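K.L.:
Hey, dropping start_5.txt in here, compact mmCIF, C-alpha atoms:
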# COMPACT_ATOMS: atom_id res chain seq x y z
CA LEU S 1 0.00 0.00 0.00
CA ALA S 2 2.86 2.33 0.81
CA GLU S 3 4.13 1.71 -2.74
CA ARG S 4 1.09 3.23 -4.39
CA ALA S 5 0.96 6.15 -1.98
CA ASN S 6 3.92 8.12 -3.31
CA LEU S 7 2.66 8.45 -6.87
CA ALA S 8 -1.03 8.34 -5.95
CA GLY S 9 -1.22 12.14 -5.85
CA VAL S 10 0.22 12.59 -9.35
CA ARG S 11 -2.48 13.17 -11.95
CA HIS S 12 -0.50 12.85 -15.20
CA ILE S 13 2.90 11.36 -15.99
CA LEU S 14 4.68 12.40 -19.17
CA LEU S 15 7.78 10.72 -20.60
CA VAL S 16 10.28 12.63 -22.74
CA LEU S 17 12.16 10.28 -25.09
CA SER S 18 14.21 10.43 -28.21
CA GLY S 19 16.35 7.44 -29.07
CA LYS S 20 19.14 9.73 -30.25
CA GLY S 21 21.34 11.58 -27.81
CA GLY S 22 21.97 15.29 -27.64
CA VAL S 23 18.72 16.42 -29.26
CA GLY S 24 17.46 18.44 -26.30
CA LYS S 25 15.42 16.07 -24.13
CA SER S 26 16.62 17.53 -20.82
CA THR S 27 16.35 21.08 -22.15
CA LEU S 28 12.81 20.45 -23.35
CA SER S 29 11.77 18.67 -20.14
CA THR S 30 12.97 21.61 -18.09
CA GLU S 31 11.29 24.22 -20.28
CA LEU S 32 8.08 22.22 -20.40
CA ALA S 33 8.01 21.95 -16.61
CA LEU S 34 8.61 25.68 -16.23
CA ALA S 35 5.90 26.47 -18.80
CA LEU S 36 3.37 24.24 -17.05
CA ARG S 37 4.27 25.88 -13.76
CA SER S 38 3.65 29.32 -15.28
CA ALA S 39 0.24 28.06 -16.32
CA GLY S 40 -0.46 27.41 -12.66
CA LYS S 41 0.03 23.64 -12.59
CA ARG S 42 1.81 21.68 -9.86
CA VAL S 43 4.80 20.07 -11.56
CA GLY S 44 7.55 17.58 -10.75
CA ILE S 45 10.54 16.40 -12.81
CA LEU S 46 12.07 12.95 -12.53
CA ASP S 47 15.51 12.72 -14.15
CA VAL S 48 16.20 9.03 -14.86
CA ASP S 49 19.33 9.71 -16.89
CA LEU S 50 21.65 7.99 -14.44
CA CYS S 51 24.83 8.37 -16.51
CA GLY S 52 24.37 11.97 -17.53
CA PRO S 53 21.98 13.81 -15.19
CA SER S 54 21.78 17.30 -16.65
CA ILE S 55 18.67 18.73 -15.02
CA PRO S 56 20.11 19.76 -11.63
CA ARG S 57 22.65 21.91 -13.42
CA MET S 58 20.07 23.42 -15.76
CA LEU S 59 18.04 24.56 -12.77
CA ARG S 60 21.12 25.59 -10.82
CA VAL S 61 20.63 23.17 -7.95
CA GLN S 62 23.56 20.87 -8.66
CA ASP S 63 24.92 21.44 -5.16
CA SER S 64 21.71 20.54 -3.35
CA ALA S 65 21.25 17.47 -1.19
CA VAL S 66 18.19 15.30 -0.79
CA HIS S 67 16.47 14.78 2.53
CA GLN S 68 14.45 11.88 3.82
CA CYS S 69 10.99 11.94 5.28
CA ASP S 70 8.58 9.25 6.44
CA SER S 71 7.45 8.34 2.93
CA GLY S 72 10.94 8.37 1.43
CA TRP S 73 13.10 10.93 -0.35
CA VAL S 74 11.97 14.53 -0.53
CA PRO S 75 12.42 15.94 -4.04
CA VAL S 76 14.44 19.16 -4.28
CA PRO S 77 12.30 22.28 -4.83
CA VAL S 78 13.39 24.28 -7.88
CA GLY S 79 12.18 27.10 -10.07
CA GLN S 80 11.57 30.74 -9.34
CA ASP S 81 8.98 30.08 -6.66
CA GLN S 82 10.61 26.83 -5.54
CA ALA S 83 7.41 25.09 -6.51
CA ILE S 84 8.72 22.46 -8.94
CA ALA S 85 9.87 19.20 -7.39
CA LEU S 86 12.99 17.60 -8.90
CA MET S 87 14.59 14.21 -8.31
CA SER S 88 17.81 13.15 -9.98
CA ILE S 89 20.78 10.91 -9.32
CA GLY S 90 22.80 14.11 -9.55
CA PHE S 91 21.81 14.86 -5.94
CA LEU S 92 23.01 11.51 -4.67
CA LEU S 93 26.57 11.76 -5.99
CA GLU S 94 29.36 12.79 -3.67
CA ARG S 95 30.82 15.10 -6.27
CA PRO S 96 29.07 16.35 -9.42
CA ASP S 97 31.89 14.91 -11.54
CA ASP S 98 31.53 11.38 -10.18
CA ALA S 99 30.83 8.88 -12.94
CA VAL S 100 27.99 6.40 -12.55
CA VAL S 101 29.34 3.32 -14.28
CA TRP S 102 26.66 0.76 -13.54
CA ARG S 103 25.28 -2.26 -15.31
CA GLY S 104 21.59 -2.73 -15.96
CA PRO S 105 20.37 -4.48 -12.79
CA LYS S 106 21.78 -1.77 -10.52
CA LYS S 107 20.22 0.94 -12.67
CA ASN S 108 16.88 -0.87 -12.54
CA ALA S 109 16.95 -0.99 -8.77
CA LEU S 110 17.57 2.73 -8.46
CA ILE S 111 14.88 3.64 -10.97
CA LYS S 112 12.36 1.55 -9.08
CA GLN S 113 13.33 3.47 -5.96
CA PHE S 114 12.95 6.78 -7.74
CA VAL S 115 9.43 5.82 -8.70
CA THR S 116 8.23 4.30 -5.44
CA ASP S 117 10.32 5.96 -2.74
CA VAL S 118 10.13 9.64 -3.58
CA ALA S 119 7.48 11.68 -1.76
CA TRP S 120 6.08 13.56 -4.76
CA GLY S 121 2.94 14.76 -2.97
CA ASP S 122 0.10 16.14 -5.09
CA LEU S 123 1.17 17.00 -8.64
CA ASP S 124 -0.75 17.77 -11.82
CA PHE S 125 2.20 16.68 -14.02
CA LEU S 126 5.29 14.57 -13.49
CA ILE S 127 7.74 14.92 -16.37
CA VAL S 128 10.22 12.07 -16.73
CA ASP S 129 13.43 12.91 -18.60
CA THR S 130 15.11 9.81 -20.04
CA PRO S 131 18.63 9.12 -21.35
CA PRO S 132 19.36 8.44 -25.05
CA GLY S 133 18.74 4.94 -26.38
CA THR S 134 16.03 2.38 -25.70
CA SER S 135 17.59 0.40 -22.91
CA ASP S 136 17.44 -0.61 -19.28
CA GLU S 137 16.45 2.81 -18.00
CA HIS S 138 13.52 3.02 -20.39
CA ILE S 139 12.29 -0.51 -19.83
CA SER S 140 12.53 -0.14 -16.06
CA THR S 141 10.86 3.26 -16.03
CA VAL S 142 7.89 2.12 -18.08
CA GLU S 143 7.53 -1.06 -16.04
CA ALA S 144 7.70 0.80 -12.75
CA LEU S 145 5.18 3.39 -13.93
CA ARG S 146 2.73 0.88 -15.39
CA PRO S 147 0.28 0.93 -12.44
CA TYR S 148 -0.02 4.73 -12.61
CA GLN S 149 -1.57 7.37 -14.89
CA LEU S 150 0.96 7.39 -17.71
CA LEU S 151 -0.29 10.10 -20.04
CA GLY S 152 2.10 9.34 -22.84
CA ALA S 153 5.47 10.18 -24.31
CA VAL S 154 6.86 13.18 -26.17
CA LEU S 155 9.56 12.39 -28.75
CA VAL S 156 12.27 14.95 -29.34
CA THR S 157 14.50 14.99 -32.39
CA THR S 158 16.55 17.30 -34.59
CA PRO S 159 16.06 17.35 -38.37
CA GLN S 160 19.36 15.54 -39.08
CA SER F 1 58.21 -7.21 5.16
CA SER F 2 54.88 -5.97 6.48
CA SER F 3 54.43 -3.84 3.33
CA SER F 4 55.11 -6.82 1.08
CA GLY F 5 52.57 -8.73 3.20
CA ASP F 6 50.05 -5.92 2.55
CA GLU F 7 50.83 -6.04 -1.15
CA ALA F 8 50.33 -9.77 -1.28
CA LEU F 9 47.00 -9.32 0.49
CA ARG F 10 45.94 -6.60 -1.97
CA ASP F 11 46.89 -8.77 -4.95
CA LYS F 12 44.99 -11.71 -3.54
CA ARG F 13 41.93 -9.51 -2.97
CA ALA F 14 42.14 -8.12 -6.51
CA ARG F 15 42.41 -11.62 -7.93
CA ILE F 16 39.38 -12.86 -5.99
CA LEU F 17 37.29 -9.82 -6.92
CA SER F 18 38.17 -10.19 -10.60
CA ARG F 19 37.12 -13.82 -10.74
CA GLY F 20 33.59 -12.95 -11.79
CA LEU F 21 34.73 -10.53 -14.49
CA PRO F 22 35.31 -11.47 -18.13
CA LYS F 23 38.92 -12.10 -19.07
CA GLN F 24 40.50 -9.51 -21.32
CA LYS F 25 41.55 -11.09 -24.59
CA PRO F 26 42.73 -9.26 -27.70
CA ILE F 27 40.83 -9.74 -30.97
CA GLU F 28 42.80 -11.95 -33.32
CA GLY F 29 44.55 -10.02 -36.04
CA VAL F 30 43.77 -6.59 -34.62
CA LYS F 31 46.83 -4.61 -33.60
CA GLN F 32 45.42 -1.54 -31.88
CA VAL F 33 41.96 -0.58 -30.71
CA VAL F 34 40.87 3.04 -30.35
CA VAL F 35 37.49 3.86 -28.85
CA VAL F 36 35.62 7.07 -29.53
CA ALA F 37 33.33 7.94 -26.65
CA SER F 38 31.91 10.87 -24.79
CA GLY F 39 29.38 10.28 -22.06
CA LYS F 40 27.06 12.83 -23.67
CA GLY F 41 24.85 12.02 -26.61
CA GLY F 42 24.74 13.87 -29.89
CA VAL F 43 28.17 15.50 -29.70
CA GLY F 44 29.52 13.85 -32.82
CA LYS F 45 31.04 10.55 -31.73
CA SER F 46 29.96 8.60 -34.80
CA THR F 47 30.84 11.47 -37.13
CA THR F 48 34.28 11.74 -35.50
CA ALA F 49 34.85 7.96 -35.43
CA VAL F 50 34.02 7.61 -39.12
CA ASN F 51 36.27 10.50 -40.11
CA ILE F 52 39.11 9.29 -37.85
CA ALA F 53 38.95 5.84 -39.45
CA LEU F 54 39.01 7.33 -42.93
CA ALA F 55 41.81 9.74 -42.03
CA LEU F 56 43.94 6.91 -40.60
CA ALA F 57 43.53 5.01 -43.86
CA ALA F 58 44.14 8.11 -45.99
CA ASN F 59 47.29 9.08 -44.07
CA ASP F 60 48.94 5.72 -44.60
CA SER F 61 47.57 3.54 -47.35
CA THR F 62 49.50 0.54 -46.08
CA LYS F 63 47.43 0.43 -42.89
CA GLU F 64 44.25 -1.65 -42.68
CA VAL F 65 41.52 0.05 -40.67
CA GLY F 66 38.30 -1.36 -39.27
CA LEU F 67 35.29 0.45 -37.80
CA LEU F 68 33.00 -1.10 -35.22
CA ASP F 69 29.72 0.55 -34.34
CA ALA F 70 29.08 -0.43 -30.73
CA ASP F 71 25.99 1.76 -30.45
CA ILE F 72 23.48 -1.06 -30.28
CA TYR F 73 20.50 1.20 -29.71
CA GLY F 74 21.20 3.87 -32.30
CA PRO F 75 23.67 2.59 -34.92
CA SER F 76 24.65 5.49 -37.17
CA ILE F 77 27.65 3.98 -39.00
CA PRO F 78 25.70 2.18 -41.78
CA LYS F 79 24.16 5.46 -42.90
CA MET F 80 27.38 7.44 -42.61
CA MET F 81 29.44 4.88 -44.50
CA ASN F 82 26.70 4.29 -47.08
CA LEU F 83 26.52 0.58 -46.30
CA LYS F 84 23.50 -1.65 -46.16
CA GLY F 85 22.66 -5.32 -46.01
CA ASN F 86 23.15 -8.44 -43.94
CA PRO F 87 26.74 -9.60 -43.49
CA GLU F 88 27.71 -12.89 -45.10
CA LEU F 89 29.04 -15.74 -43.02
CA THR F 90 32.47 -17.24 -43.60
CA PRO F 91 32.97 -21.02 -43.56
CA LYS F 92 34.07 -20.63 -39.94
CA ASN F 93 30.70 -19.02 -39.12
CA LEU F 94 32.17 -15.55 -38.60
CA MET F 95 30.42 -12.46 -39.99
CA ARG F 96 32.19 -10.77 -42.84
CA PRO F 97 32.45 -7.01 -42.26
CA LEU F 98 31.00 -4.77 -44.97
CA LYS F 99 33.56 -2.58 -46.71
CA ASN F 100 33.41 0.91 -48.11
CA TYR F 101 36.15 3.44 -48.82
CA GLY F 102 38.57 0.67 -47.81
CA ILE F 103 37.28 0.44 -44.24
CA ALA F 104 35.87 -2.81 -42.85
CA CYS F 105 32.69 -2.01 -40.90
CA MET F 106 30.44 -3.89 -38.57
CA SER F 107 27.34 -2.56 -36.87
CA MET F 108 24.10 -3.64 -35.23
CA GLY F 109 22.52 -1.68 -38.04
CA PHE F 110 23.43 -4.45 -40.49
CA LEU F 111 21.61 -7.03 -38.42
CA ILE F 112 18.26 -5.33 -37.93
CA GLU F 113 15.83 -3.25 -39.96
CA GLU F 114 16.58 0.44 -40.15
CA THR F 115 13.55 1.46 -38.12
CA ALA F 116 13.42 -1.47 -35.72
CA PRO F 117 14.17 -0.37 -32.14
CA VAL F 118 16.45 -2.46 -29.96
CA VAL F 119 14.74 -2.49 -26.61
CA TRP F 120 17.08 -4.75 -24.70
CA ARG F 121 18.31 -5.01 -21.15
CA GLY F 122 21.98 -5.00 -20.27
CA LEU F 123 22.61 -8.74 -20.43
CA MET F 124 21.41 -9.10 -24.02
CA VAL F 125 23.36 -6.01 -24.97
CA MET F 126 26.50 -7.55 -23.49
CA SER F 127 26.12 -10.67 -25.56
CA ALA F 128 25.46 -8.62 -28.71
CA VAL F 129 28.63 -6.59 -28.13
CA GLU F 130 30.57 -9.81 -27.59
CA LYS F 131 29.35 -11.10 -30.96
CA LEU F 132 30.20 -7.87 -32.75
CA LEU F 133 33.72 -8.05 -31.31
CA ARG F 134 34.60 -11.71 -31.60
CA GLN F 135 32.34 -13.26 -34.21
CA VAL F 136 33.48 -11.01 -37.01
CA ASP F 137 36.14 -11.95 -39.55
CA TRP F 138 38.17 -8.76 -39.13
CA GLY F 139 41.24 -10.20 -40.81
CA LYS F 140 44.48 -8.36 -40.15
CA LEU F 141 43.81 -4.82 -38.93
CA ASP F 142 46.32 -2.18 -37.86
CA TYR F 143 43.60 -0.11 -36.25
CA LEU F 144 40.09 -0.87 -35.08
CA VAL F 145 38.10 2.26 -34.31
CA ILE F 146 35.12 1.60 -32.05
CA ASP F 147 32.25 4.07 -31.99
CA MET F 148 30.67 3.92 -28.53
CA PRO F 149 27.11 4.80 -27.58
CA PRO F 150 26.38 7.70 -25.22
CA GLY F 151 26.47 7.09 -21.48
CA THR F 152 28.73 5.19 -19.13
CA GLY F 153 27.04 1.82 -18.83
CA ASP F 154 26.91 -1.74 -20.02
CA VAL F 155 28.43 -1.33 -23.49
CA GLN F 156 31.37 0.72 -22.30
CA LEU F 157 32.04 -1.71 -19.46
CA SER F 158 31.69 -4.76 -21.71
CA VAL F 159 34.06 -3.41 -24.33
CA SER F 160 36.72 -2.28 -21.85
CA GLN F 161 36.57 -5.53 -19.90
CA ASN F 162 36.63 -7.78 -22.96
CA ILE F 163 39.47 -6.40 -25.06
CA PRO F 164 42.66 -4.43 -24.44
CA ILE F 165 42.16 -0.85 -25.61
CA ALA F 166 45.12 1.24 -26.83
CA GLY F 167 43.35 4.47 -26.04
CA ALA F 168 40.12 6.42 -25.85
CA VAL F 169 39.25 9.65 -27.63
CA ILE F 170 36.60 11.69 -25.87
CA VAL F 171 34.43 13.96 -28.00
CA SER F 172 32.49 16.86 -26.59
CA THR F 173 30.94 20.16 -27.53
CA PRO F 174 31.97 23.20 -25.47
CA GLN F 175 28.55 23.31 -23.77
CA ASP F 176 28.66 23.03 -19.95
CA VAL F 177 26.09 20.29 -19.85
CA ALA F 178 28.05 18.25 -22.41
CA LEU F 179 31.33 18.82 -20.57
CA LEU F 180 29.82 17.47 -17.36
CA ASP F 181 29.10 14.19 -19.11
CA ALA F 182 32.45 14.18 -20.92
CA HIS F 183 34.16 14.52 -17.57
CA LYS F 184 32.22 11.49 -16.35
CA GLY F 185 33.27 9.64 -19.49
CA ALA F 186 36.94 10.39 -18.78
CA GLU F 187 36.42 9.31 -15.17
CA MET F 188 34.88 6.05 -16.34
CA PHE F 189 37.88 5.22 -18.51
CA ARG F 190 40.13 5.94 -15.57
CA LYS F 191 38.12 3.48 -13.47
CA VAL F 192 38.50 0.71 -16.03
CA HIS F 193 42.18 1.53 -16.70
CA VAL F 194 41.81 2.63 -20.31
CA PRO F 195 44.27 5.42 -21.27
CA VAL F 196 42.52 8.56 -22.56
CA LEU F 197 44.41 9.87 -25.59
CA GLY F 198 42.75 13.25 -25.47
CA LEU F 199 39.65 15.34 -26.14
CA VAL F 200 38.12 16.51 -29.38
CA GLN F 201 36.22 19.79 -29.27
CA ASN F 202 33.38 19.42 -31.74
CA MET F 203 30.89 22.03 -32.95
CA SER F 204 33.23 24.66 -31.57
CA VAL F 205 32.22 27.56 -33.79
CA PHE F 206 29.66 28.34 -36.47
CA GLN F 207 30.49 30.68 -39.33
CA CYS F 208 27.59 32.34 -41.10
CA PRO F 209 27.83 31.41 -44.79
CA LYS F 210 26.69 34.90 -45.82
CA CYS F 211 28.47 37.41 -43.59
CA LYS F 212 31.19 35.13 -42.22
CA HIS F 213 30.37 36.23 -38.67
CA GLU F 214 31.46 33.58 -36.16
CA THR F 215 29.20 32.44 -33.34
CA HIS F 216 30.19 30.02 -30.61
CA ILE F 217 26.77 28.41 -30.36
CA PHE F 218 27.76 25.92 -27.69
CA GLY F 219 30.16 28.20 -25.89
CA ALA F 220 33.85 28.82 -26.46
CA ASP F 221 36.83 26.86 -25.20
CA GLY F 222 34.89 24.79 -22.69
CA VAL F 223 36.69 21.66 -23.87
CA ARG F 224 40.08 23.33 -23.58
CA ASP F 225 39.36 24.16 -19.95
CA LEU F 226 38.24 20.60 -19.24
CA ALA F 227 41.38 19.28 -20.93
CA LYS F 228 43.48 21.46 -18.68
CA THR F 229 41.61 20.28 -15.58
CA LEU F 230 42.06 16.64 -16.53
CA GLY F 231 45.61 17.04 -17.84
CA LEU F 232 44.67 15.83 -21.32
CA ASP F 233 45.58 16.97 -24.82
CA ILE F 234 43.18 18.57 -27.27
CA LEU F 235 43.39 16.29 -30.28
CA GLY F 236 41.26 18.44 -32.53
CA ASP F 237 38.91 21.37 -32.85
CA VAL F 238 36.09 20.88 -35.33
CA PRO F 239 33.71 23.66 -36.37
CA LEU F 240 29.94 23.29 -36.70
CA HIS F 241 29.78 23.19 -40.45
CA VAL F 242 26.78 22.19 -42.49
CA ASN F 243 29.04 20.16 -44.83
CA ILE F 244 30.07 17.78 -42.08
CA ARG F 245 26.48 16.93 -41.22
CA GLU F 246 25.31 16.85 -44.85
CA THR F 247 28.06 14.58 -46.06
CA CYS F 248 27.48 12.16 -43.18
CA ASP F 249 23.76 12.05 -43.84
CA LEU F 250 24.55 11.22 -47.47
CA GLY F 251 27.06 8.52 -46.60
CA GLN F 252 30.08 10.38 -47.99
CA PRO F 253 31.95 11.57 -44.89
CA VAL F 254 33.74 14.88 -45.26
CA VAL F 255 37.28 13.40 -45.00
CA ILE F 256 36.58 11.51 -48.21
CA SER F 257 34.36 13.92 -50.11
CA GLN F 258 35.99 17.25 -49.22
CA PRO F 259 39.48 16.51 -47.92
CA GLN F 260 40.69 20.05 -48.57
CA SER F 261 37.97 21.90 -46.72
CA ASP F 262 38.38 23.58 -43.34
CA ALA F 263 36.01 21.05 -41.90
Would you kindly transcribe this structure into structure tokens?
P.N.:
Amino acid sequence: LAERANLAGVRHILLVLSGKGGVGKSTLSTELALALRSAGKRVGILDVDLCGPSIPRMLRVQDSAVHQCDSGWVPVPVGQDQAIALMSIGFLLERPDDAVVWRGPKKNALIKQFVTDVAWGDLDFLIVDTPPGTSDEHISTVEALRPYQLLGAVLVTTPQ
Amino acid sequence: SSSSGDEALRDKRARILSRGLPKQKPIEGVKQVVVVASGKGGVGKSTTAVNIALALAANDSTKEVGLLDADIYGPSIPKMMNLKGNPELTPKNLMRPLKNYGIACMSMGFLIEETAPVVWRGLMVMSAVEKLLRQVDWGKLDYLVIDMPPGTGDVQLSVSQNIPIAGAVIVSTPQDVALLDAHKGAEMFRKVHVPVLGLVQNMSVFQCPKCKHETHIFGADGVRDLAKTLGLDILGDVPLHVNIRETCDLGQPVVISQPQSDA
């Protein structure tokens, strides 16, 4: 029951994918979250790019730390009014330059934790930024989110 | 004597810990392996790998060069080298690499349909990489250039643990966000004891074709600063030029089609 609780207050979940790297997924996820926030929505961002977490830096919170509460991790508040909730592996590294060189099973375990053990609270939108490719992170994310309201996916690409 | 005792203990521990890991074995016939990686996606690894392979062959026509596309999820080499089709099998059941411009190429792209996604977990990816390394009839190669996928995960680990690598070239754009990932890439190679030959600064500057005004779209000199921090050399500085992208999309990489250009 505790597993459902953390995402139970999230109304819509949106994945941002691409397949190709470097096309602007993280940039778009961030801008989309900020735009939705300006429209008055309650927004959260989940950065499941474990090898290259860019979002903390884009929102200038790369030096923040995550705290724990009864229901799990507390996402870091970002944005002008500190009203967007962000979770990323970037906050769990000792130094921002530390490399995360993990194989699939370890990545899967962390992604499951990001989905079930983060106290998101009540959100209108949760935007999930993914890494390039179609691999472990993507399979695990979709599997972990299956019981919830997955709105759909936005695909980003450049014209090349 | 106590320090030699410590050393013996450390060696024993290292040996026990490495028992579960794959043994590093060179590919038969291949003299030197160079990997082109970055950590960040979309910075020009495949473009750089293709042009490096062609340049190595062009510089010394006596050298045999091979190109392996280890990007299982997004193989770009077939398109860039203008190659298509399923590889034939030799009598020994090895795949014959496809050749163009004198370079022997192998890629996941030859084994699946162009638009078919590869949605695989790490273990399957590992076994695919193993096949692309060992079950290919490379013949005698002086250099094998390996184009890595973005990230610092299964493929990078599998390649570095399976074969001895002469060196890694890390490609990045000057953008802060890209440099963060490139730094992680360099760190990863340090962890797996692969020497980093240096950094390539890609997409460094854009020159307007009309007024010739130069804009550093992704920032200026970010890669130089990172190189200084990490104590690495800058192996090259490549501008953001429409020709480089166009020629790759057409399967006629710029080193071959426009060897005299700035790009």
K.L.:
At a cut-off of 9 Å, which residues of chain F touch chain S? Count all atoms listed in the file and give the answer as a PyMOL selection string.
P.N.:
chain F and resi 39-43+71-74+117-123+125+149-157+176-178+180-181+183-188+191+245-246+249
K.L.:
So the first atom is atom CA of Glu214 of chain F and the second is atom CA of Val238 of chain F; what is the distance between them in Å, to one decimal place?
P.N.:
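Value for the atom CA of Glu214 of chain F-atom CA of Val238 of chain F distance: 13.5 Å.
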K.L.:
For Leu197 of chain F, which residue among F:Leu240, F:Leu9, F:Leu235, F:Ile217 is the nearest when counting all atoms listed in the file?
P.N.:
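Using all atoms listed in the file, Leu197 of chain F sits closest to F:Leu235.
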K.L.:
Rounded to one decimal in Å, what is the spacing between atom CA of Gly152 of chain S and atom CA of Leu14 of chain S?
P.N.:
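So the answer is 5.4 Å.
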K.L.:
Using all atoms listed in the file, pick whichever of F:Asp221, F:Asp147, F:Ala227, F:Lys45 has the shortest atom-to-atom distance to Val171 of chain F.
P.N.:
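Counting all atoms listed in the file, the residue closest to Val171 of chain F is F:Lys45.
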K.L.:
Quick one: residues within 12 Å of Ala153 of chain S, all atoms listed in the file counted, chain neighbours fewer than 6 positions away excluded, as a list of chain:residue names?
P.N.:
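So, after excluding close chain neighbours, the residues are S:His12, S:Ile13, S:Leu14, S:Leu15, S:Val16, S:Leu17, S:Ser18, S:Lys25, S:Ser29, S:Leu126, S:Ile127, S:Val128, S:Asp129, S:Thr130, S:His138, S:Val142.
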